[in-house]
Amino acid sequence: MMEVVLRDFCKWLAATPLSNTIQTTGWIIPTLQTIHILGVAVLFSSAILVDLRFWWLLQRDVPLPDVARRFFPAIWLVLPILLITGSLLIIGEPRRSLLNSTFYLKMALLAFAVLLTGGLQWSLSSAPKFWDKDRGRRMAGQFAATVSILAWCSILFAGRWIAYTQAG
Amino acid sequence: MLQLKDLISYFETNGLADNIRENDVLFPLIESVHVLSICLVVGSIFAVDLRLLGFASIHRSVSSVTHGILPLTWCAFVVAVGSGSLLFISNVTKYLGNGYFIAKIFLICAAGLNMAIFHGIGAKNLPQWENEARLPLPARLAGGLSILLWVAVVACGRWIGFTMPAG
């Protein structure tokens, strides 16, 4: 049932003028993908730099809340760009992602990573010493940072895998 | 004389190249590692470039920013070159015949040259001005040029995929 609805939706979407333009103008999809990857580069690096600071691996001379204040805003700045370029890519090739379970895995992971990042940012801005109160808190922070690294890496992997698991 | 041609045919008859090219999991896996490491290289370099341009981290000195970020850049760069080399040897002839691949290699060299020139000449009196928000023109130029070059590297990388049919 759901699958039939999705197939019809893809068919309708692929027939829209916008989708036709994206499909038939050769440079649009690679350009959108390039912007998308550049956005991913900024988001991913920002997240990783904060996560690594939880482990005291980089920027030891800067307090964790300062690192978070410098790099987390970049994530929220590029996320809308990623959503727009991602949506345009879906409109151009609806079946490639909407009929692809890897795409839904990526979206689920993205929702989780966004919530986790928002939570980390909120905790550090409301209580700068939040992850530094005692040994337990420090370990919890390192655990959260590790989960964040794994989540963002999985999202990147899933993104690349969409190209290999698309419906024929 | 051992020529490039011999090297190419060595890689093409090598079992490793066949494995990467034909394997349904290995190629996307290496490709994913390549994309992931390139994202870290480019994203972390942007953070340094934005400092040079005076758009971000302006309350920190240039060397504090570079010492805090560039170790990640270099680690990721090593992984990107390693994974990129594996992708390259899986199909040497096709990559060498692809203009975007050649352009990408030259652009990476240009980005390296830009960095070397900045370290060698532009950053000579670094301690004198590195704490200022607005840096001297050579430093800002190096930062701006670096962003443009890496954007071009990513664009070429993506275009390789569209101009080189799989298999």
# chains A, B, ... in the order shown; residues from 1 in each chain; ligands from 1

$ residues_around --residues "Ala80 of chain B" --least-positions-apart "4" --cutoff "9 Å" --atoms "only C-alpha atoms" --output "list in words"
Val33, His34, Val35, Leu36, Ser37, Ile38, Val41, Cys75, Ala76, Gly84 and Ser85 of chain B

$ write_last_selection --atoms "N, CA and C atoms" --output "short mmCIF file (atom, residue, chain, number, x, y, z; two decimals), in the first residue's frame"
data_model
loop_
_atom_site.label_atom_id
_atom_site.label_comp_id
_atom_site.auth_asym_id
_atom_site.auth_seq_id
_atom_site.Cartn_x
_atom_site.Cartn_y
_atom_site.Cartn_z
N VAL B 33 35.07 6.06 2.32
CA VAL B 33 36.20 6.52 3.15
C VAL B 33 36.85 7.75 2.51
N HIS B 34 36.94 7.72 1.16
CA HIS B 34 37.53 8.84 0.43
C HIS B 34 36.69 10.11 0.64
N VAL B 35 35.37 10.00 0.47
CA VAL B 35 34.49 11.15 0.65
C VAL B 35 34.58 11.68 2.08
N LEU B 36 34.54 10.75 3.03
CA LEU B 36 34.59 11.13 4.44
C LEU B 36 35.89 11.90 4.77
N SER B 37 37.01 11.38 4.27
CA SER B 37 38.28 12.05 4.59
C SER B 37 38.41 13.37 3.86
N ILE B 38 37.93 13.43 2.62
CA ILE B 38 37.97 14.70 1.87
C ILE B 38 37.13 15.76 2.57
N VAL B 41 39.19 17.06 5.35
CA VAL B 41 40.28 17.90 4.83
C VAL B 41 39.73 19.29 4.48
N CYS B 75 45.89 14.25 9.13
CA CYS B 75 45.47 12.85 9.28
C CYS B 75 44.47 12.49 8.18
N ALA B 76 43.48 13.36 7.99
CA ALA B 76 42.45 13.09 6.98
C ALA B 76 43.06 13.09 5.58
N GLY B 84 42.18 7.40 -2.18
CA GLY B 84 42.16 7.87 -3.57
C GLY B 84 43.08 7.04 -4.45
N SER B 85 44.26 6.69 -3.91
CA SER B 85 45.19 5.87 -4.69
C SER B 85 44.60 4.51 -5.01
#

$ residues_around --residues "segment 58-60 of chain A" --least-positions-apart "3" --cutoff "7 Å" --atoms "only C-alpha atoms" --output "number ranges by chain"
A: 52-53; B: 68-69

$ interface_residues --of "chain B" --to "chain A" --cutoff "10 Å" --atoms "only C-alpha atoms" --output "ChimeraX atom specification"
/B:24-25,28-29,31-33,35-47,56-57,60,64-73,150-162

$ residues_around --residues "Tyr104 of chain A" --least-positions-apart "6" --cutoff "10 Å" --atoms "only C-alpha atoms" --output "number ranges by chain"
A: 97-98, 110, 158, 162

$ write_last_selection --atoms "C-alpha atoms" --output "compact mmCIF listing (two decimals), in the first residue's frame"
# COMPACT_ATOMS: atom_id res chain seq x y z
CA SER A 97 16.14 7.97 -2.93
CA LEU A 98 12.44 7.77 -2.15
CA LEU A 110 20.32 12.45 10.54
CA ALA A 158 24.71 5.97 3.87
CA ILE A 162 22.33 5.58 -1.88

$ atom_distance --atom1 "atom CA of Ile8 of chain B" --atom2 "atom CA of Asn23 of chain B"
20.2 Å

$ select_by_dssp --residues "segment 10-168 of chain A" --states "helix (DSSP H, G or I)" --output "JSON, numbers by chain"
{"A": [10, 11, 12, 13, 14, 17, 18, 19, 20, 21, 22, 23, 24, 28, 29, 30, 31, 32, 33, 34, 35, 36, 37, 38, 39, 40, 41, 42, 43, 44, 45, 46, 47, 48, 49, 50, 51, 52, 53, 54, 64, 65, 66, 67, 68, 69, 70, 71, 72, 73, 74, 75, 76, 77, 78, 79, 80, 81, 82, 83, 84, 85, 86, 87, 88, 89, 90, 91, 92, 94, 95, 96, 97, 98, 101, 102, 103, 104, 105, 106, 107, 108, 109, 110, 111, 112, 113, 114, 115, 116, 117, 118, 119, 120, 121, 122, 123, 124, 125, 126, 130, 131, 132, 135, 136, 137, 138, 139, 140, 141, 142, 143, 144, 145, 146, 147, 148, 149, 150, 151, 152, 153, 154, 155, 156, 157, 158, 159, 160, 161, 162, 163, 164, 165]}

$ closest_residue --among "A:Trp122, A:Phe130, A:Phe112, A:Phe54" --to "Ala151 of chain A" --atoms "only C-alpha atoms"
A:Phe112

$ closest_residue --among "B:Asn98, B:Ser146, B:Gln128, B:Asn91" --to "Asn114 of chain B" --atoms "only C-alpha atoms"
B:Ser146

$ residues_around --residues "His119 of chain B" --least-positions-apart "3" --cutoff "12 Å" --atoms "only C-alpha atoms" --output "ChimeraX atom specification"
/B:62-63,66,112-116,122-126,138-139,142-143

$ atom_distance --atom1 "atom CA of Ile105 of chain B" --atom2 "atom CA of Arg51 of chain B"
25.8 Å

$ closest_residue --among "A:Asp51, A:Glu93, A:Asp134, A:Asp8" --to "Pro65 of chain A" --atoms "only C-alpha atoms"
A:Asp51
